[in-house]
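Structure first, then comments.
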Amino acid sequence: MEVISMEGDRCDFCLEGRLRSRQVREYYRAGKGLVVMERVPAYVCEKCGERYYQADVAKQMRQLAKRAPRVKARISFPLIRFEEKRASA
C-alpha cells in the first residue's frame, strides 16, 4: 500500500493553514486511563494546530494503547478541577 504525503496540503479544519510533517506528543484515551505517546508522526496545521495521522499510524496508536497496562514507564502530573466562579449580583 502506497503512503501519500499530506505535506503542504490545506487544513480541512480551518481551511487556511498548510500541513507540516512533525513528531508530536499524543494524549490517547485507553479505557478509563490516559496514555501519553511520544514522537508520533503527524501532519500538523501551521495555522490552527489540527493534527492528521496516516491510517497506519492511527492503527498503531490503538494497538499501543491496548498495551498500556503492561507498560512500566509512568509519569505523574497535577490534576486541577476547573470550577467556574459566578459573578456576584
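How things are named: the first chain in the C-alpha cells is A, the next is B, and so on; residues count from 1 in each chain; ligands count from 1 in the order shown.
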As number ranges by chain, please: the residues near segment 21-24 of chain A (cut-off 7 Å, only C-alpha atoms, same-chain neighbours under 5 positions excluded).
A: 7, 38-44
Strand (DSSP E) per DSSP on the backbone: members of chain A, as a list in words
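DSSP on the backbone gives strand (DSSP E) at Leu19, Arg20, Ser21, Arg22, Gln23, Val24, Arg25, Glu26, Tyr27, Tyr28, Arg29, Ala30, Gly33, Leu34, Val35, Val36, Met37, Glu38, Arg39, Val40, Pro41, Ala42, Tyr43, Val44, Cys45, Arg51 and Tyr52 of chain A.
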List the spatial neighbours of segment 58-64 of chain A as a compact mmCIF listing (two decimals) with C-alpha atoms, in the first residue's frame - criterion: any atom at most 12 Å away, only C-alpha atoms, same-chain residues fewer than 6 positions off excluded.
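For reference, around15.txt as written:
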```txt
# COMPACT_ATOMS: atom_id res chain seq x y z
CA ARG A 25 3.15 14.05 21.87
CA GLU A 26 -0.28 12.45 21.78
CA TYR A 27 -2.62 12.01 24.75
CA TYR A 28 -4.69 8.93 23.96
CA ARG A 29 -7.62 7.59 25.99
CA ALA A 30 -7.34 3.89 26.76
CA GLY A 31 -10.35 2.59 28.67
CA LEU A 34 -4.81 8.09 29.55
CA VAL A 35 -1.72 7.03 27.61
CA VAL A 36 0.93 9.55 26.60
CA MET A 37 2.74 8.64 23.38
CA GLU A 38 5.87 10.49 22.30
CA ARG A 39 7.36 11.02 18.85
CA VAL A 40 4.15 10.17 16.99
CA PRO A 41 4.40 11.10 13.30
CA ALA A 42 1.64 13.52 12.33
CA ARG A 51 -3.44 17.09 13.67
CA TYR A 52 -3.80 14.49 10.95
CA ARG A 70 1.82 -3.63 30.80
CA VAL A 71 3.97 -0.54 30.21
```
Would you please extract all helix (DSSP H, G or I) residues from chain A, as assigned by DSSP on the backbone, and give them as a PyMOL selection string?
chain A and resi 55-66+68-70
Take the residues from that selection and write them out as a short mmCIF file (atom, residue, chain, number, x, y, z; two decimals), in the first residue's frame, keeping N, CA and C atoms.
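As a result, selection01.cif now contains:
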```
data_model
loop_
_atom_site.label_atom_id
_atom_site.label_comp_id
_atom_site.auth_asym_id
_atom_site.auth_seq_id
_atom_site.Cartn_x
_atom_site.Cartn_y
_atom_site.Cartn_z
N ALA A 55 -3.36 6.44 8.25
CA ALA A 55 -4.17 5.33 8.78
C ALA A 55 -3.33 4.32 9.55
N ASP A 56 -2.14 4.01 9.04
CA ASP A 56 -1.30 3.02 9.72
C ASP A 56 -0.80 3.54 11.07
N VAL A 57 -0.58 4.84 11.18
CA VAL A 57 -0.14 5.44 12.45
C VAL A 57 -1.29 5.38 13.45
N ALA A 58 -2.51 5.72 13.03
CA ALA A 58 -3.67 5.67 13.92
C ALA A 58 -3.90 4.24 14.42
N LYS A 59 -3.75 3.28 13.54
CA LYS A 59 -3.91 1.87 13.92
C LYS A 59 -2.85 1.47 14.94
N GLN A 60 -1.62 1.88 14.72
CA GLN A 60 -0.54 1.55 15.64
C GLN A 60 -0.77 2.21 17.01
N MET A 61 -1.30 3.44 17.03
CA MET A 61 -1.61 4.10 18.31
C MET A 61 -2.65 3.29 19.09
N ARG A 62 -3.69 2.79 18.41
CA ARG A 62 -4.70 1.97 19.08
C ARG A 62 -4.08 0.70 19.66
N GLN A 63 -3.19 0.07 18.89
CA GLN A 63 -2.54 -1.16 19.36
C GLN A 63 -1.64 -0.88 20.56
N LEU A 64 -0.89 0.22 20.51
CA LEU A 64 -0.02 0.58 21.63
C LEU A 64 -0.83 0.90 22.87
N ALA A 65 -1.96 1.57 22.71
CA ALA A 65 -2.79 1.93 23.85
C ALA A 65 -3.32 0.69 24.57
N LYS A 66 -3.59 -0.38 23.83
CA LYS A 66 -4.06 -1.63 24.44
C LYS A 66 -3.00 -2.24 25.35
N ALA A 68 -1.09 -0.55 27.32
CA ALA A 68 -0.84 0.40 28.41
C ALA A 68 -0.71 -0.24 29.78
N PRO A 69 -1.58 -1.19 30.15
CA PRO A 69 -1.45 -1.77 31.49
C PRO A 69 -0.11 -2.47 31.73
N ARG A 70 0.55 -2.91 30.66
CA ARG A 70 1.82 -3.63 30.80
C ARG A 70 3.05 -2.73 30.67
#
```
Would you mind listing what lies within 10 Å of Cys14 of chain A as a ChimeraX atom specification, with only C-alpha atoms counted and same-chain residues fewer than 6 positions away left out?
/A:45,47-50
The selected residues should be written to file as a tab-separated table (two decimals), in the first residue's frame (atoms: N, CA and C atoms).
```tsv
chain	number	residue	atom	x	y	z
A	45	CYS	N	-1.36	21.33	11.22
A	45	CYS	CA	-1.66	22.60	10.56
A	45	CYS	C	-0.83	23.70	11.21
A	47	LYS	N	-1.37	26.78	11.07
A	47	LYS	CA	-2.24	27.89	11.48
A	47	LYS	C	-3.03	27.57	12.75
A	48	CYS	N	-3.77	26.45	12.76
A	48	CYS	CA	-4.66	26.15	13.88
A	48	CYS	C	-4.18	25.00	14.77
A	49	GLY	N	-3.20	24.23	14.31
A	49	GLY	CA	-2.66	23.14	15.13
A	49	GLY	C	-3.39	21.82	15.00
A	50	GLU	N	-4.43	21.75	14.17
A	50	GLU	CA	-5.15	20.50	13.96
A	50	GLU	C	-4.16	19.42	13.50
```
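Pairwise distance (atom CA of Glu2 of chain A, atom CA of Glu46 of chain A) equals 25.2 Å.
The residue that comes closest to Ser5 of chain A, out of A:Tyr53, A:Arg74, A:Lys32, A:Gly17 and on the basis of only C-alpha atoms, is A:Tyr53.
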What is the distance between atom CA of Ile75 of chain A and atom CA of Arg20 of chain A, in Å to one decimal?
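Interatomic distance, atom CA of Ile75 of chain A to atom CA of Arg20 of chain A: 28.7 Å.
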Restricting the calculation to only C-alpha atoms: of A:Ala87, A:Gln54, A:Arg81, A:Lys72, which residue gets closest to Val3 of chain A?
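Ranking A:Ala87, A:Gln54, A:Arg81, A:Lys72 by distance to Val3 of chain A, first place goes to A:Gln54.
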